[in-house]
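Next comes structure-v8.csv, a file with CSV, C-alpha atoms.
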chain,number,residue,atom,x,y,z
A,1,MET,CA,-17.6,-34.4,12.5
A,2,ALA,CA,-16.6,-31.1,10.9
A,3,GLU,CA,-13.7,-29.2,12.5
A,4,LEU,CA,-14.6,-25.8,13.7
A,5,MET,CA,-12.5,-23.2,11.9
A,6,GLY,CA,-12.0,-19.5,12.6
A,7,PRO,CA,-12.8,-16.8,10.0
A,8,ARG,CA,-11.1,-17.0,6.6
A,9,LEU,CA,-8.2,-14.5,6.7
A,10,TYR,CA,-5.4,-13.1,4.6
A,11,SER,CA,-2.0,-12.8,6.0
A,12,CYS,CA,1.3,-11.1,5.1
A,13,CYS,CA,3.2,-13.4,2.7
A,14,ASN,CA,6.5,-12.6,4.5
A,15,CYS,CA,5.7,-13.2,8.2
A,16,ARG,CA,2.1,-14.6,8.3
A,17,ASN,CA,0.8,-11.7,10.3
A,18,GLU,CA,-3.1,-11.5,9.8
A,19,VAL,CA,-3.9,-8.4,7.8
A,20,ALA,CA,-7.5,-8.8,6.5
A,21,LEU,CA,-10.7,-10.8,6.7
A,22,HIS,CA,-12.1,-12.5,3.7
A,23,ASP,CA,-15.5,-11.1,4.6
A,24,ASP,CA,-14.1,-7.5,4.1
A,25,VAL,CA,-13.2,-8.1,0.4
A,26,ILE,CA,-15.2,-5.7,-1.8
A,27,SER,CA,-13.6,-6.6,-5.1
A,28,LYS,CA,-10.9,-8.9,-6.6
A,29,ALA,CA,-10.8,-7.0,-9.9
A,30,PHE,CA,-8.2,-4.3,-9.0
A,31,GLN,CA,-4.7,-3.8,-10.4
A,32,GLY,CA,-1.8,-3.3,-8.0
A,33,ARG,CA,1.9,-2.4,-8.7
A,34,ASN,CA,2.7,-6.0,-9.3
A,35,GLY,CA,-0.4,-7.5,-10.8
A,36,ARG,CA,-3.9,-8.3,-9.3
A,37,ALA,CA,-5.0,-6.7,-6.1
A,38,PHE,CA,-8.1,-6.9,-3.9
A,39,LEU,CA,-10.1,-4.0,-2.5
A,40,PHE,CA,-10.9,-4.4,1.2
A,41,SER,CA,-13.2,-2.3,3.4
A,42,HIS,CA,-10.9,-2.8,6.4
A,43,ALA,CA,-7.3,-4.0,7.1
A,44,MET,CA,-5.7,-4.9,10.5
A,45,ASN,CA,-2.2,-5.2,11.9
A,46,VAL,CA,-0.9,-2.7,9.3
A,47,VAL,CA,0.8,0.6,9.4
A,48,VAL,CA,-0.4,3.4,7.1
A,49,GLY,CA,2.4,5.5,5.7
A,50,PRO,CA,2.4,9.2,4.7
A,51,LYS,CA,-0.2,10.5,2.2
A,52,GLU,CA,0.8,11.4,-1.3
A,53,ASP,CA,-1.0,12.2,-4.6
A,54,ARG,CA,-0.6,9.4,-7.2
A,55,GLN,CA,-1.8,9.2,-10.7
A,56,LEU,CA,-3.4,5.7,-10.9
A,57,MET,CA,-5.2,4.0,-13.8
A,58,THR,CA,-8.5,5.5,-12.6
A,59,GLY,CA,-7.3,9.0,-12.1
A,60,LEU,CA,-5.6,11.1,-9.4
A,61,HIS,CA,-5.9,9.9,-5.9
A,62,THR,CA,-4.4,10.7,-2.5
A,63,VAL,CA,-3.1,7.4,-1.2
A,64,ALA,CA,-0.8,6.1,1.6
A,65,ASP,CA,1.2,2.9,1.4
A,66,VAL,CA,0.2,0.1,3.8
A,67,TYR,CA,2.9,-1.9,5.6
A,68,CYS,CA,2.7,-5.1,7.6
A,69,ASN,CA,2.8,-4.1,11.3
A,70,ASP,CA,5.4,-6.9,12.1
A,71,CYS,CA,7.8,-7.1,9.2
A,72,ARG,CA,7.2,-3.8,7.4
A,73,GLU,CA,6.5,-5.5,4.0
A,74,VAL,CA,4.6,-3.1,1.7
A,75,LEU,CA,1.3,-4.8,1.1
A,76,GLY,CA,-0.6,-2.2,-0.9
A,77,TRP,CA,-2.1,1.2,-0.2
A,78,LYS,CA,-5.1,3.0,1.4
A,79,TYR,CA,-7.2,5.4,-0.6
A,80,GLU,CA,-7.4,8.6,1.4
A,81,ARG,CA,-9.1,10.8,-1.3
A,82,ALA,CA,-10.4,10.4,-4.8
A,83,TYR,CA,-10.6,13.5,-6.9
A,84,GLU,CA,-13.1,12.1,-9.5
A,85,GLU,CA,-16.7,11.7,-8.3
A,86,THR,CA,-17.0,8.2,-9.8
A,87,GLN,CA,-14.1,7.0,-7.7
A,88,LYS,CA,-15.3,8.4,-4.3
A,89,TYR,CA,-16.4,4.9,-3.2
A,90,LYS,CA,-12.7,3.9,-2.7
A,91,GLU,CA,-12.1,6.5,0.0
A,92,GLY,CA,-11.0,4.9,3.3
A,93,LYS,CA,-10.6,1.5,1.6
A,94,PHE,CA,-7.5,-0.6,1.2
A,95,ILE,CA,-5.8,-2.3,-1.7
A,96,LEU,CA,-3.8,-5.4,-0.8
A,97,GLU,CA,-1.8,-7.0,-3.6
A,98,LYS,CA,-2.5,-10.6,-4.3
A,99,SER,CA,1.2,-11.4,-4.5
A,100,LYS,CA,1.8,-9.9,-1.0
A,101,ILE,CA,-0.9,-11.9,0.9
A,102,VAL,CA,-1.7,-15.5,1.6
A,103,LYS,CA,-4.9,-17.3,2.6
A,104,GLU,CA,-5.4,-18.7,6.1
A,105,ASN,CA,-8.1,-21.0,7.4
A,106,TRP,CA,-9.5,-21.9,4.0

Exercise: express the given structure as structure tokens:
Amino acid sequence: MAELMGPRLYSCCNCRNEVALHDDVISKAFQGRNGRAFLFSHAMNVVVGPKEDRQLMTGLHTVADVYCNDCREVLGWKYERAYEETQKYKEGKFILEKSKIVKENW
């Protein structure tokens, strides 16, 4: 008999606080500060820091760092605004760095 499992999740690598659902992954082909990163439509149990303009690989964006709600580990950032029309799809979405999250319930 198969065990019933909850949804596949990603958790903070530091304290295991659940921060995102696997079903909310839009892309795994992004670049973070420290290597690969995933683009998520939503994140949970995170704190969004102050907005700032940053020049990223794909142009100028207004972003806000995203921290774990429990341990305050920086996990990535939230796209608040994209200045280039081709990048507008990122607005309101979250980047979580692969090195900062771990899989749960896989």

message = List as a PyMOL selection string the protein and nucleic acid residues near stretch 91-102 of chain A, meaning an atom at most 9 Å away when all atoms listed in the file are counted, but skip any in the same chain fewer than 2 places from it.
response = chain A and resi 9-14+16+19-20+28+30-43+66+73-82+87-89+104

For those residues, write C-alpha atoms to a file as a PDB file, in the frame of the given file.
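Output saved as result.pdb:
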ATOM      1  CA  LEU A   9      -8.200 -14.500   6.700  1.00  0.00           C
ATOM      2  CA  TYR A  10      -5.400 -13.100   4.600  1.00  0.00           C
ATOM      3  CA  SER A  11      -2.000 -12.800   6.000  1.00  0.00           C
ATOM      4  CA  CYS A  12       1.300 -11.100   5.100  1.00  0.00           C
ATOM      5  CA  CYS A  13       3.200 -13.400   2.700  1.00  0.00           C
ATOM      6  CA  ASN A  14       6.500 -12.600   4.500  1.00  0.00           C
ATOM      7  CA  ARG A  16       2.100 -14.600   8.300  1.00  0.00           C
ATOM      8  CA  VAL A  19      -3.900  -8.400   7.800  1.00  0.00           C
ATOM      9  CA  ALA A  20      -7.500  -8.800   6.500  1.00  0.00           C
ATOM     10  CA  LYS A  28     -10.900  -8.900  -6.600  1.00  0.00           C
ATOM     11  CA  PHE A  30      -8.200  -4.300  -9.000  1.00  0.00           C
ATOM     12  CA  GLN A  31      -4.700  -3.800 -10.400  1.00  0.00           C
ATOM     13  CA  GLY A  32      -1.800  -3.300  -8.000  1.00  0.00           C
ATOM     14  CA  ARG A  33       1.900  -2.400  -8.700  1.00  0.00           C
ATOM     15  CA  ASN A  34       2.700  -6.000  -9.300  1.00  0.00           C
ATOM     16  CA  GLY A  35      -0.400  -7.500 -10.800  1.00  0.00           C
ATOM     17  CA  ARG A  36      -3.900  -8.300  -9.300  1.00  0.00           C
ATOM     18  CA  ALA A  37      -5.000  -6.700  -6.100  1.00  0.00           C
ATOM     19  CA  PHE A  38      -8.100  -6.900  -3.900  1.00  0.00           C
ATOM     20  CA  LEU A  39     -10.100  -4.000  -2.500  1.00  0.00           C
ATOM     21  CA  PHE A  40     -10.900  -4.400   1.200  1.00  0.00           C
ATOM     22  CA  SER A  41     -13.200  -2.300   3.400  1.00  0.00           C
ATOM     23  CA  HIS A  42     -10.900  -2.800   6.400  1.00  0.00           C
ATOM     24  CA  ALA A  43      -7.300  -4.000   7.100  1.00  0.00           C
ATOM     25  CA  VAL A  66       0.200   0.100   3.800  1.00  0.00           C
ATOM     26  CA  GLU A  73       6.500  -5.500   4.000  1.00  0.00           C
ATOM     27  CA  VAL A  74       4.600  -3.100   1.700  1.00  0.00           C
ATOM     28  CA  LEU A  75       1.300  -4.800   1.100  1.00  0.00           C
ATOM     29  CA  GLY A  76      -0.600  -2.200  -0.900  1.00  0.00           C
ATOM     30  CA  TRP A  77      -2.100   1.200  -0.200  1.00  0.00           C
ATOM     31  CA  LYS A  78      -5.100   3.000   1.400  1.00  0.00           C
ATOM     32  CA  TYR A  79      -7.200   5.400  -0.600  1.00  0.00           C
ATOM     33  CA  GLU A  80      -7.400   8.600   1.400  1.00  0.00           C
ATOM     34  CA  ARG A  81      -9.100  10.800  -1.300  1.00  0.00           C
ATOM     35  CA  ALA A  82     -10.400  10.400  -4.800  1.00  0.00           C
ATOM     36  CA  GLN A  87     -14.100   7.000  -7.700  1.00  0.00           C
ATOM     37  CA  LYS A  88     -15.300   8.400  -4.300  1.00  0.00           C
ATOM     38  CA  TYR A  89     -16.400   4.900  -3.200  1.00  0.00           C
ATOM     39  CA  GLU A 104      -5.400 -18.700   6.100  1.00  0.00           C
TER      40      GLU A 104
END

key: Atomic distance atom CA of A:Asn45 - atom CA of A:Asp70, expressed in Å with one decimal   =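 Between atom CA of A:Asn45 and atom CA of A:Asp70 the gap is 7.8 Å.
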
request  = Could you jot down the atom CA of A:His61 to atom CA of A:Glu85 separation for me, Å, one decimal place?
outcome  = 11.2 Å

message = Nearest residue to A:Tyr67 out of A:Trp106, A:His22, A:Cys15, A:Ser27, using all atoms listed in the file?
response =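 Of A:Trp106, A:His22, A:Cys15, A:Ser27, the one nearest A:Tyr67 is A:Cys15, counting all atoms listed in the file.
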
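From atom CA of A:Val25 back to atom CA of A:Val63, the distance works out to 18.6 Å.
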
ask   = Which residues, written as number ranges by chain, have at least one atom at most 9 Å from A:Leu60, with all atoms listed in the file counted and residues fewer than 3 positions away on the same chain left out?
value = A: 53-57, 81-84

With the input short on atoms, add N, CA and C atoms back to stretch 51-63 of chain A and write it as a PDB file, in the frame of the given file.
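Printed below is result.pdb as written:
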ATOM      1  N   LYS A  51       0.672  10.270   3.388  1.00  0.00           N
ATOM      2  CA  LYS A  51      -0.200  10.500   2.200  1.00  0.00           C
ATOM      3  C   LYS A  51       0.595  11.112   1.089  1.00  0.00           C
ATOM      4  N   GLU A  52       0.235  10.723  -0.138  1.00  0.00           N
ATOM      5  CA  GLU A  52       0.800  11.400  -1.300  1.00  0.00           C
ATOM      6  C   GLU A  52      -0.182  11.259  -2.472  1.00  0.00           C
ATOM      7  N   ASP A  53      -0.134  12.222  -3.358  1.00  0.00           N
ATOM      8  CA  ASP A  53      -1.000  12.200  -4.600  1.00  0.00           C
ATOM      9  C   ASP A  53      -0.308  11.261  -5.580  1.00  0.00           C
ATOM     10  N   ARG A  54      -1.102  10.356  -6.167  1.00  0.00           N
ATOM     11  CA  ARG A  54      -0.600   9.400  -7.200  1.00  0.00           C
ATOM     12  C   ARG A  54      -1.576   9.366  -8.336  1.00  0.00           C
ATOM     13  N   GLN A  55      -1.034   9.385  -9.531  1.00  0.00           N
ATOM     14  CA  GLN A  55      -1.800   9.200 -10.700  1.00  0.00           C
ATOM     15  C   GLN A  55      -1.968   7.691 -10.947  1.00  0.00           C
ATOM     16  N   LEU A  56      -3.160   7.161 -10.752  1.00  0.00           N
ATOM     17  CA  LEU A  56      -3.400   5.700 -10.900  1.00  0.00           C
ATOM     18  C   LEU A  56      -4.209   5.530 -12.220  1.00  0.00           C
ATOM     19  N   MET A  57      -4.485   4.282 -12.553  1.00  0.00           N
ATOM     20  CA  MET A  57      -5.200   4.000 -13.800  1.00  0.00           C
ATOM     21  C   MET A  57      -6.565   4.659 -13.851  1.00  0.00           C
ATOM     22  N   THR A  58      -7.171   4.889 -12.689  1.00  0.00           N
ATOM     23  CA  THR A  58      -8.500   5.500 -12.600  1.00  0.00           C
ATOM     24  C   THR A  58      -8.502   6.958 -12.279  1.00  0.00           C
ATOM     25  N   GLY A  59      -7.338   7.608 -12.377  1.00  0.00           N
ATOM     26  CA  GLY A  59      -7.300   9.000 -12.100  1.00  0.00           C
ATOM     27  C   GLY A  59      -6.398   9.373 -10.918  1.00  0.00           C
ATOM     28  N   LEU A  60      -6.434  10.638 -10.537  1.00  0.00           N
ATOM     29  CA  LEU A  60      -5.600  11.100  -9.400  1.00  0.00           C
ATOM     30  C   LEU A  60      -6.274  10.783  -8.102  1.00  0.00           C
ATOM     31  N   HIS A  61      -5.464  10.215  -7.191  1.00  0.00           N
ATOM     32  CA  HIS A  61      -5.900   9.900  -5.900  1.00  0.00           C
ATOM     33  C   HIS A  61      -4.873  10.273  -4.839  1.00  0.00           C
ATOM     34  N   THR A  62      -5.308  10.567  -3.617  1.00  0.00           N
ATOM     35  CA  THR A  62      -4.400  10.700  -2.500  1.00  0.00           C
ATOM     36  C   THR A  62      -4.380   9.323  -1.824  1.00  0.00           C
ATOM     37  N   VAL A  63      -3.199   8.716  -1.741  1.00  0.00           N
ATOM     38  CA  VAL A  63      -3.100   7.400  -1.200  1.00  0.00           C
ATOM     39  C   VAL A  63      -1.934   7.362  -0.156  1.00  0.00           C
TER      40      VAL A  63
END
